[in-house]
Structures are given as C-alpha cells and as structure tokens.
$ cat my_file26.cif   # mmCIF, C-alpha atoms
data_target
#
loop_
_atom_site.label_atom_id
_atom_site.label_comp_id
_atom_site.auth_asym_id
_atom_site.auth_seq_id
_atom_site.Cartn_x
_atom_site.Cartn_y
_atom_site.Cartn_z
CA MET D 248 35.19 -11.86 101.47
CA GLN D 249 32.04 -13.30 102.92
CA GLN D 250 30.98 -16.58 104.38
CA VAL D 251 28.34 -18.24 102.19
CA SER D 252 25.38 -20.07 103.69
CA ARG D 253 24.22 -23.34 102.15
CA ARG D 254 20.97 -21.71 101.06
CA ARG D 255 22.73 -18.79 99.39
CA PHE D 256 25.22 -21.16 97.76
CA LEU D 257 22.48 -23.36 96.28
CA VAL D 258 20.48 -20.36 95.11
CA GLY D 259 23.58 -19.02 93.37
CA ALA D 260 24.22 -22.32 91.68
CA GLY D 261 20.56 -22.49 90.63
CA VAL D 262 20.70 -19.04 89.12
CA ALA D 263 23.84 -20.01 87.22
CA ALA D 264 22.15 -23.14 85.89
CA ALA D 265 19.05 -21.22 84.85
CA SER D 266 21.07 -18.50 83.20
CA TYR D 267 22.93 -21.02 81.10
CA ALA D 268 19.95 -21.39 78.78
CA SER D 269 19.93 -17.65 78.11
CA PHE D 270 23.46 -17.68 76.64
CA PRO D 271 23.91 -18.72 73.01
CA THR D 272 26.53 -21.45 72.74
CA THR D 273 28.93 -19.10 70.97
CA ALA D 274 28.23 -16.12 73.24
CA LEU D 275 31.87 -15.76 74.21
CA ALA D 276 33.98 -14.50 71.33
CA ALA D 277 36.95 -16.49 72.57
CA ALA D 278 38.91 -15.80 69.42
CA HIS D 279 39.02 -12.11 70.34
CA SER D 280 40.02 -12.58 73.97
CA PRO D 281 43.51 -11.53 75.07
CA PHE D 282 43.54 -14.82 77.00
CA LYS D 283 43.61 -18.40 75.76
CA VAL D 284 40.24 -19.38 77.24
CA ALA D 285 40.25 -23.12 77.91
CA VAL D 286 38.83 -26.02 79.88
CA ILE D 287 40.47 -29.16 81.27
CA THR D 288 38.75 -31.79 79.15
CA ASP D 289 38.39 -34.51 81.77
CA GLU D 290 36.39 -32.12 83.96
CA ILE D 291 33.66 -32.47 81.31
CA SER D 292 33.98 -36.15 80.44
CA PRO D 293 36.57 -38.95 80.23
CA ASP D 294 35.36 -39.45 76.65
CA PHE D 295 37.86 -37.21 74.89
CA ASP D 296 35.83 -36.79 71.70
CA HIS D 297 32.72 -35.81 73.65
CA ALA D 298 34.65 -33.44 75.93
CA CYS D 299 36.20 -31.72 72.92
CA SER D 300 32.80 -31.49 71.22
CA VAL D 301 31.33 -29.73 74.28
CA ALA D 302 34.36 -27.43 74.60
CA SER D 303 34.26 -26.43 70.95
CA LYS D 304 30.62 -26.54 69.87
CA GLU D 305 28.90 -25.69 73.15
CA PHE D 306 31.41 -23.53 75.03
CA GLY D 307 32.81 -21.97 71.84
CA LEU D 308 36.45 -22.52 72.86
CA GLN D 309 39.58 -22.92 70.77
CA TRP D 310 41.85 -24.20 73.57
CA VAL D 311 41.85 -27.18 75.94
CA GLU D 312 44.11 -28.36 78.74
CA LEU D 313 45.07 -32.04 78.80
CA ARG D 314 45.33 -34.09 82.00
CA SER D 315 43.71 -37.44 81.22
CA MET D 316 41.44 -38.99 78.61
CA TRP D 317 39.52 -42.23 78.35
CA LYS D 318 40.14 -42.65 82.10
CA LYS D 319 43.90 -42.87 81.49
CA SER D 320 46.63 -40.47 82.49
CA LEU D 321 48.41 -38.91 79.53
CA GLN D 322 51.50 -40.67 80.86
CA ASP D 323 49.89 -44.02 80.04
CA LEU D 324 48.55 -43.31 76.55
CA THR D 325 49.68 -45.56 73.71
CA ASP D 326 50.98 -44.18 70.45
CA ALA D 327 47.69 -45.16 68.83
CA GLU D 328 45.70 -43.28 71.49
CA ILE D 329 47.86 -40.18 71.07
CA SER D 330 47.25 -40.38 67.31
CA ASP D 331 43.51 -40.60 67.93
CA ALA D 332 43.65 -37.65 70.33
CA LEU D 333 45.47 -35.51 67.77
CA LYS D 334 42.82 -36.36 65.18
CA ILE D 335 40.06 -35.38 67.62
CA LEU D 336 41.74 -32.05 68.38
CA ASN D 337 42.02 -31.37 64.66
CA LYS D 338 38.38 -32.38 64.13
CA TYR D 339 37.22 -29.68 66.54
CA SER D 340 39.94 -27.12 65.66
CA LEU D 341 41.28 -27.16 69.22
CA ARG D 342 44.79 -26.34 70.43
CA VAL D 343 46.46 -27.39 73.68
CA THR D 344 47.45 -24.92 76.38
CA ASP D 345 49.69 -27.27 78.37
CA ILE D 346 50.33 -30.80 79.55
CA ALA D 347 48.82 -31.04 83.05
CA SER D 348 51.27 -33.68 84.22
CA PRO D 349 51.42 -35.21 87.73
CA LEU D 350 55.14 -34.37 87.99
CA PHE D 351 56.38 -34.15 91.60
CA LYS D 352 52.99 -34.95 93.14
CA VAL D 353 54.83 -37.47 95.30
CA ASP D 354 56.49 -37.57 98.71
CA TRP D 355 59.90 -35.95 99.09
CA PRO D 356 62.07 -39.01 99.85
CA ASP D 357 63.88 -37.61 102.90
CA ALA D 358 60.77 -36.15 104.54
CA PRO D 359 58.37 -37.97 106.88
CA PRO D 360 55.78 -39.98 104.87
CA THR D 361 52.51 -38.17 104.26
CA GLN D 362 48.96 -39.52 104.19
CA HIS D 363 49.40 -40.12 100.46
CA ALA D 364 52.15 -42.69 101.05
CA ALA D 365 49.54 -45.29 102.01
CA SER D 366 48.18 -45.38 98.46
CA THR D 367 51.58 -46.41 97.12
CA LYS D 368 52.89 -48.42 100.08
CA SER D 369 54.18 -51.14 97.75
CA ILE D 370 56.59 -48.54 96.34
CA THR D 371 58.95 -46.61 98.54
CA ALA D 372 59.14 -42.83 98.45
CA ALA D 373 62.66 -43.08 97.07
CA GLU D 374 61.49 -45.32 94.21
CA THR D 375 58.57 -43.01 93.41
CA PHE D 376 60.91 -40.04 93.46
CA ARG D 377 63.30 -41.75 91.05
CA GLN D 378 60.41 -42.29 88.63
CA GLN D 379 59.92 -38.54 88.31
CA ASP D 380 62.75 -38.14 85.81
CA ALA D 381 60.84 -40.48 83.50
CA VAL D 382 57.60 -38.59 84.16
CA LEU D 383 59.34 -35.37 83.17
CA ALA D 384 60.83 -36.85 80.01
CA ARG D 385 57.44 -38.27 79.02
CA SER D 386 55.72 -34.95 79.73
CA ILE D 387 58.18 -33.03 77.55
CA ALA D 388 57.65 -35.56 74.75
CA LEU D 389 53.87 -35.18 75.11
CA ALA D 390 54.21 -31.39 75.00
CA LYS D 391 55.99 -31.66 71.67
CA GLN D 392 53.43 -34.13 70.30
CA PHE D 393 50.53 -31.90 71.31
CA LYS D 394 52.34 -28.73 70.17
CA THR D 395 52.50 -26.86 73.46
CA ASP D 396 55.46 -25.35 75.31
CA LYS D 397 54.23 -25.84 78.88
CA VAL D 398 54.39 -28.75 81.34
CA ARG D 399 52.66 -28.45 84.72
CA CYS D 400 54.30 -29.70 87.92
CA PHE D 401 53.77 -29.65 91.69
CA ASP D 402 55.95 -29.13 94.76
CA PHE D 403 55.72 -32.56 96.45
CA TRP D 404 53.11 -33.65 98.99
CA ARG D 405 52.89 -31.23 101.88
CA VAL D 406 54.83 -31.91 105.08
CA ASP D 407 54.30 -30.18 108.41
CA ASP D 408 57.72 -28.53 108.33
CA VAL D 409 59.26 -28.20 104.90
CA ALA D 410 62.15 -25.98 106.07
CA PRO D 411 64.75 -28.79 106.45
CA TYR D 412 64.06 -29.95 102.87
CA ARG D 413 63.31 -26.66 101.15
CA ALA D 414 66.76 -26.05 99.67
CA ALA D 415 66.97 -29.56 98.21
CA ILE D 416 63.44 -29.32 96.81
CA ASN D 417 64.27 -25.98 95.21
CA ALA D 418 67.37 -27.52 93.64
CA LYS D 419 65.25 -30.32 92.15
CA LEU D 420 62.74 -27.83 90.76
CA ARG D 421 65.60 -25.81 89.27
CA GLU D 422 67.11 -28.94 87.71
CA ALA D 423 63.78 -29.92 86.16
CA ALA D 424 63.26 -26.38 84.85
CA GLU D 425 66.68 -26.43 83.18
CA THR D 426 65.85 -29.79 81.59
CA CYS D 427 62.65 -28.26 80.21
CA GLY D 428 64.46 -25.14 79.05
CA LYS D 429 66.88 -27.18 76.92
CA GLN D 430 63.83 -28.54 75.10
CA GLY D 431 62.16 -25.15 74.65
CA VAL D 432 59.54 -25.92 77.30
CA LEU D 433 58.42 -24.02 80.40
CA LEU D 434 57.98 -25.85 83.71
CA VAL D 435 54.79 -24.45 85.24
CA LEU D 436 54.40 -24.91 89.00
CA GLU D 437 50.82 -25.11 90.26
CA ASN D 438 50.13 -23.87 93.77
CA GLU D 439 48.27 -26.97 94.97
CA PHE D 440 46.55 -27.00 98.36
CA GLU D 441 47.93 -30.43 99.31
CA CYS D 442 51.51 -29.65 98.28
CA ASN D 443 54.31 -27.60 99.79
CA THR D 444 53.60 -24.62 97.56
CA ALA D 445 49.89 -24.15 98.21
CA THR D 446 49.23 -20.45 98.72
CA GLY D 447 50.03 -17.24 96.90
CA ARG D 448 52.55 -16.28 99.55
CA GLU D 449 54.26 -19.67 99.30
CA ALA D 450 54.27 -19.40 95.50
CA ALA D 451 56.01 -16.02 95.68
CA ALA D 452 58.67 -17.52 97.97
CA THR D 453 59.25 -20.57 95.74
CA LEU D 454 59.54 -18.45 92.60
CA ALA D 455 62.08 -16.23 94.35
CA ALA D 456 64.11 -19.27 95.41
CA VAL D 457 64.05 -20.78 91.91
CA PRO D 458 64.85 -17.83 89.61
CA SER D 459 65.19 -19.90 86.43
CA PRO D 460 63.61 -18.26 83.36
CA HIS D 461 62.18 -21.69 82.54
CA PHE D 462 60.30 -21.94 85.85
CA VAL D 463 56.94 -20.15 86.04
CA LEU D 464 53.61 -20.28 87.89
CA ASN D 465 50.20 -21.77 87.27
CA TRP D 466 48.22 -19.37 89.49
CA ASP D 467 45.24 -21.05 91.18
CA PRO D 468 43.69 -18.67 93.72
CA ALA D 469 40.98 -21.17 94.69
CA ASN D 470 43.63 -23.72 95.67
CA ALA D 471 45.14 -21.07 97.92
CA VAL D 472 41.73 -20.43 99.47
CA MET D 473 41.29 -24.17 100.02
CA ARG D 474 44.57 -24.10 101.97
CA GLY D 475 43.15 -21.32 104.18
CA GLU D 476 44.57 -18.25 102.43
CA LEU D 477 41.23 -16.49 102.24
CA ASP D 478 42.84 -13.31 100.90
CA ALA D 479 44.50 -15.10 97.98
CA PHE D 480 42.99 -12.42 95.78
CA PRO D 481 43.74 -9.62 95.97
CA ALA D 482 46.26 -9.60 98.87
CA ALA D 483 48.46 -12.61 98.01
CA TRP D 484 48.12 -11.85 94.30
CA GLN D 485 49.89 -8.54 94.87
CA LEU D 486 53.01 -10.41 96.05
CA LEU D 487 53.38 -12.50 92.89
CA PRO D 488 55.81 -11.54 90.10
CA LYS D 489 53.26 -11.05 87.34
CA HIS D 490 55.70 -11.72 84.49
CA ARG D 491 56.21 -15.25 85.85
CA ILE D 492 52.52 -16.19 85.84
CA ARG D 493 52.07 -18.20 82.65
CA HIS D 494 48.93 -20.24 83.32
CA CYS D 495 45.80 -19.81 85.44
CA HIS D 496 43.25 -22.32 86.73
CA VAL D 497 39.71 -21.08 87.19
CA LYS D 498 37.53 -22.55 89.91
CA ASN D 499 36.00 -21.26 93.15
CA ALA D 500 35.42 -22.13 96.79
CA VAL D 501 33.11 -21.06 99.59
CA GLN D 502 33.49 -20.93 103.35
CA ALA D 503 30.54 -22.15 105.41
CA ALA D 504 29.51 -20.70 108.76
CA ASP D 505 31.45 -23.47 110.52
CA GLY D 506 34.64 -22.37 108.76
CA LYS D 507 34.87 -25.35 106.41
CA ILE D 508 35.87 -24.59 102.83
CA ALA D 509 34.33 -26.41 99.86
CA TRP D 510 34.49 -26.11 96.09
CA SER D 511 31.80 -24.05 94.39
CA PRO D 512 30.77 -22.98 90.89
CA VAL D 513 32.98 -20.27 89.42
CA GLY D 514 30.20 -17.68 89.72
CA THR D 515 29.83 -18.20 93.48
CA GLY D 516 32.59 -18.03 96.07
CA LEU D 517 35.46 -16.21 97.68
CA ILE D 518 37.32 -15.46 94.45
CA ASP D 519 35.99 -12.43 92.60
CA TRP D 520 36.82 -13.70 89.14
CA THR D 521 35.72 -10.54 87.39
CA ALA D 522 38.28 -8.59 89.41
CA GLN D 523 40.92 -11.33 89.00
CA PHE D 524 40.46 -11.37 85.22
CA LYS D 525 40.77 -7.57 85.13
CA ALA D 526 43.94 -7.75 87.22
CA LEU D 527 45.43 -10.39 84.94
CA LYS D 528 44.65 -8.33 81.86
CA ASN D 529 46.04 -5.14 83.39
CA SER D 530 49.26 -6.97 84.30
CA GLY D 531 49.81 -7.82 80.64
CA TYR D 532 48.84 -11.48 81.00
CA ARG D 533 48.19 -13.19 77.67
CA ASP D 534 48.29 -16.89 78.50
CA ALA D 535 45.58 -19.40 79.36
CA VAL D 536 42.69 -19.12 81.79
CA SER D 537 41.53 -22.71 82.10
CA LEU D 538 38.32 -23.93 83.73
CA GLU D 539 39.07 -26.63 86.30
CA THR D 540 35.55 -27.24 87.59
CA HIS D 541 36.25 -29.41 90.68
CA TRP D 542 32.77 -28.56 92.04
CA HIS D 543 30.47 -31.52 91.43
CA GLY D 544 27.21 -30.23 92.84
CA ALA D 545 25.15 -30.89 89.71
CA ALA D 546 23.89 -34.27 88.53
CA THR D 547 27.02 -35.04 86.49
CA PRO D 548 30.54 -33.64 86.08
CA GLU D 549 29.50 -32.42 82.63
CA GLU D 550 26.55 -30.46 84.00
CA SER D 551 28.69 -29.11 86.85
CA SER D 552 31.18 -27.88 84.25
CA ARG D 553 28.36 -26.24 82.29
CA ILE D 554 27.29 -24.31 85.39
CA SER D 555 30.85 -23.28 86.21
CA TRP D 556 31.45 -22.30 82.58
CA THR D 557 28.41 -20.03 82.76
CA GLY D 558 29.93 -18.28 85.77
CA MET D 559 33.34 -18.04 84.14
CA LYS D 560 31.87 -16.72 80.91
CA GLN D 561 29.92 -14.04 82.77
CA ALA D 562 33.01 -12.98 84.71
CA LEU D 563 35.00 -12.68 81.47
CA LYS D 564 32.18 -10.63 80.00
CA ASP D 565 31.93 -8.38 83.07
CA ALA D 566 35.70 -7.89 83.00
CA ALA D 567 35.42 -6.77 79.36
CA ILE D 568 37.77 -9.60 78.38
CA ALA D 569 35.53 -10.88 75.59
#

$ encode --input "my_file26.cif" --output "structure tokens"
Amino acid sequence: MQQVSRRRFLVGAGVAAASYASFPTTALAAAHSPFKVAVITDEISPDFDHACSVASKEFGLQWVELRSMWKKSLQDLTDAEISDALKILNKYSLRVTDIASPLFKVDWPDAPPTQHAASTKSITAAETFRQQDAVLARSIALAKQFKTDKVRCFDFWRVDDVAPYRAAINAKLREAAETCGKQGVLLVLENEFECNTATGREAAATLAAVPSPHFVLNWDPANAVMRGELDAFPAAWQLLPKHRIRHCHVKNAVQAADGKIAWSPVGTGLIDWTAQFKALKNSGYRDAVSLETHWHGAATPEESSRISWTGMKQALKDAAIA
C-alpha cells in the first residue's frame, strides 16, 4: 500500500475520466457476472428516475441499492412515492439489492454522548434509541415492498471505549437479527468508520459475538481504511468469515504524505479492487457489489460516480468477473 501524492491522485482521476469515453455504455455484461453489480442511486442523483436511467442505460446495470430518493430517506417516503419508485424500477428493469437503512446509526443510550448528539440535542439518546424499533419495522416493510431480503444496519456511533457496553450492544444486534429472521430478512451490518464496528478486525469480532444466522456483514474495506486500518485488504479480509459476507460496498480512499486519508475514485487508492473482486469470487461470494461513490472530486456527484464506475468496471474486467 502506497501513499498517493495529490498530483498522482489527480492524474489518476483524469485518466479515469478520459477512459470513460472509450467504454461503450453496455461494456460490462452485468447479466453474466457472478455478482449483483449495483450502484446506490442517490450517489448519482436525488432524482430517482434520472439515477435509475443512468444506472440502467449508461452503466448497463440490473441492480440498485436504495438509501434515499427525491432528497428523502426511504423511512419518510409516502405510499404514493413508494408506488412511483416501484414503477420507475420496473420502467428500467431494475431490481433492489437491499434497503440501506439508517438503523442503529445513533448513540448507545448508556454511553457518553458523541459528537453526533449535538445534531439531535432536542431528542435524548434514550428517545432516539427507542425509535430504532420503529426504524427496523419500517425497514423490513420496505424490504418486502421492494422485493429484497436484506436490511442494512450499523453498530451505533463510536465511543472511545466500547468495552463496558459491548455485551448489551451485541444483545441488541442479536435481537434485531432475530426480528428480521422471523420475516425472512437478513440484517446486514456495515463496518462504518464512525461507528463501533469500523474495521475488518472489529467486524470479525462482532460477527463472532453475534452468531445468529440472520446477522451478516456488508463488507466495506474503504470504510476500514478511513478508520486507519490500512491493511483492510488483504490482511483484515483474511480474518472475516466469508460465508457471512452478504453485501459489499465499493469505494476507495487514499493516504496523503501528511497521513490524512480522503475518499478517492474506485480506480485510485489503497484498496486493490481487482484483487478484492478476485478474492470475493474465489470465496464463493455471489451477492451484491455496490458502488458507493463518496468521492466528489468531479464537477457533480453524477460525474464523480461516472468516474468511479469506470474504475469499478475496469477492476471487474481485470478480475475476469464480467
């Protein structure tokens, strides 16, 4: 893993942007991939119809991940908006990988308040925590409406010392997983750099502590890198139970000479996505690999997603995935 200078980073992004024009829009035969190749729609545009058009017609995809649309969380969509969204998905022949819910992206009520508490200071941590049962119920209902069997969750905002609360948090995750299991849904934990399970090593520990068959992992190696686990792939990856990885977010990050880590296009950064895709395939993985751009170095989020998609598409091609 190498540090990336600003000049090298910008050159890499420029090459990716230039190379985009050389790929036909349907260059990736996604239908023949062992993976469900997808993109989170709001990384392209809050306009759900437009995002789906780009995903289908331009990127050549058959799958999308849903987090928000029309600048609204899925949690807040009306019945009419859900009906419209289903019509749009049908219009572009798109299926849904999972519901990317905000479940448990809140403070643990017994832990010291985090920096995120200030944004909800009119609501106590205990009240926000109590709302999570409703968030879970809504997410399961959305999963059924959008015909997917996966709901994403987090592991509560990160505290300096989680040890005193770890057993109780694990019990809550297990309870939520069992609730999902009764509805035929998997609870998919994302290792998120601002939450208590942020790295690959922490993900392995949490999975071991919550052995429910309904509790699985959304592997995000770039999030682990952002938390400082620069060897997320391949070192931390080796520690993960591969049969419990059921979703994967694709983005990248670079480390500057001063040690600071920043998001980058998929084709440039500390994660070797060609090698990661090969490792996923060799492990028997057959679920989604979903572009979560996050890098916004181009003029618009849509153009940033185009550049990252070019890097992701090339890595899939180089890994002989499609």

$ resolve_selection --input "my_file26.cif" --expression "the PyMOL selection byres ((chain D and resi 339-355) around 7)" --output "PyMOL selection string"
chain D and resi 299-300+303+309-314+335-338+356-358+360-361+372+375-376+379+382-383+386+390+393-404+535

$ residues_near_point --input "my_file26.cif" --point "(30.6, -26.5, 87.6)" --cutoff "7 Å" --atoms "all atoms listed in the file" --output "VMD selection string"
chain D and resid 512 to 513 540 542 to 543 550 to 556

$ atom_distance --input "my_file26.cif" --atom1 "CA of Ala423 in chain D" --atom2 "CA of Asp380 in chain D"
8.3 Å

$ residues_around --input "my_file26.cif" --residues "Glu539 in chain D" --least-positions-apart "6" --cutoff "9 Å" --atoms "all atoms listed in the file" --output "list in words"
Val286, Ile287, Thr288, Glu290, His496, Val497, Lys498, Ser552 and Ser555 of chain D

$ axis_aligned_box --input "my_file26.cif" --around "range 531-538 of chain D" --padding-each-side "6 Å" --output "AutoDock Vina command-line options"
--center_x 44.1 --center_y -15.9 --center_z 80.7 --size_x 23.5 --size_y 28.1 --size_z 18.1

$ build_atoms --input "my_file26.cif" --residues "range 418-436 of chain D" --atoms "N, CA and C atoms" --output "mmCIF file, keeping the file's coordinate frame"
data_model
loop_
_atom_site.group_PDB
_atom_site.id
_atom_site.type_symbol
_atom_site.label_atom_id
_atom_site.label_comp_id
_atom_site.auth_asym_id
_atom_site.auth_seq_id
_atom_site.Cartn_x
_atom_site.Cartn_y
_atom_site.Cartn_z
ATOM 1 N N ALA D 418 66.332 -27.074 94.589
ATOM 2 C CA ALA D 418 67.370 -27.520 93.640
ATOM 3 C C ALA D 418 66.785 -28.497 92.622
ATOM 4 N N LYS D 419 65.887 -29.371 93.076
ATOM 5 C CA LYS D 419 65.250 -30.320 92.150
ATOM 6 C C LYS D 419 64.344 -29.594 91.175
ATOM 7 N N LEU D 420 63.592 -28.619 91.653
ATOM 8 C CA LEU D 420 62.740 -27.830 90.760
ATOM 9 C C LEU D 420 63.590 -27.091 89.726
ATOM 10 N N ARG D 421 64.705 -26.541 90.180
ATOM 11 C CA ARG D 421 65.600 -25.810 89.270
ATOM 12 C C ARG D 421 66.178 -26.767 88.212
ATOM 13 N N GLU D 422 66.565 -27.946 88.637
ATOM 14 C CA GLU D 422 67.110 -28.940 87.710
ATOM 15 C C GLU D 422 66.075 -29.316 86.656
ATOM 16 N N ALA D 423 64.843 -29.554 87.097
ATOM 17 C CA ALA D 423 63.780 -29.920 86.160
ATOM 18 C C ALA D 423 63.482 -28.775 85.189
ATOM 19 N N ALA D 424 63.506 -27.544 85.703
ATOM 20 C CA ALA D 424 63.260 -26.380 84.850
ATOM 21 C C ALA D 424 64.343 -26.258 83.778
ATOM 22 N N GLU D 425 65.589 -26.510 84.158
ATOM 23 C CA GLU D 425 66.680 -26.430 83.180
ATOM 24 C C GLU D 425 66.542 -27.537 82.132
ATOM 25 N N THR D 426 66.109 -28.718 82.546
ATOM 26 C CA THR D 426 65.850 -29.790 81.590
ATOM 27 C C THR D 426 64.779 -29.371 80.587
ATOM 28 N N CYS D 427 63.713 -28.760 81.095
ATOM 29 C CA CYS D 427 62.650 -28.260 80.210
ATOM 30 C C CYS D 427 63.189 -27.183 79.279
ATOM 31 N N GLY D 428 63.949 -26.252 79.834
ATOM 32 C CA GLY D 428 64.460 -25.140 79.050
ATOM 33 C C GLY D 428 65.288 -25.594 77.858
ATOM 34 N N LYS D 429 66.062 -26.658 78.027
ATOM 35 C CA LYS D 429 66.880 -27.180 76.920
ATOM 36 C C LYS D 429 66.025 -27.718 75.790
ATOM 37 N N GLN D 430 64.764 -28.017 76.109
ATOM 38 C CA GLN D 430 63.830 -28.540 75.100
ATOM 39 C C GLN D 430 62.840 -27.474 74.636
ATOM 40 N N GLY D 431 63.056 -26.227 75.054
ATOM 41 C CA GLY D 431 62.160 -25.150 74.650
ATOM 42 C C GLY D 431 60.806 -25.201 75.334
ATOM 43 N N VAL D 432 60.787 -25.743 76.547
ATOM 44 C CA VAL D 432 59.540 -25.920 77.300
ATOM 45 C C VAL D 432 59.632 -25.183 78.623
ATOM 46 N N LEU D 433 58.514 -24.643 79.091
ATOM 47 C CA LEU D 433 58.420 -24.020 80.400
ATOM 48 C C LEU D 433 57.897 -25.024 81.415
ATOM 49 N N LEU D 434 58.493 -25.047 82.604
ATOM 50 C CA LEU D 434 57.980 -25.850 83.710
ATOM 51 C C LEU D 434 57.079 -24.949 84.537
ATOM 52 N N VAL D 435 55.809 -25.316 84.637
ATOM 53 C CA VAL D 435 54.790 -24.450 85.240
ATOM 54 C C VAL D 435 54.347 -25.049 86.568
ATOM 55 N N LEU D 436 54.739 -24.430 87.661
ATOM 56 C CA LEU D 436 54.400 -24.910 89.000
ATOM 57 C C LEU D 436 52.989 -24.477 89.381
#
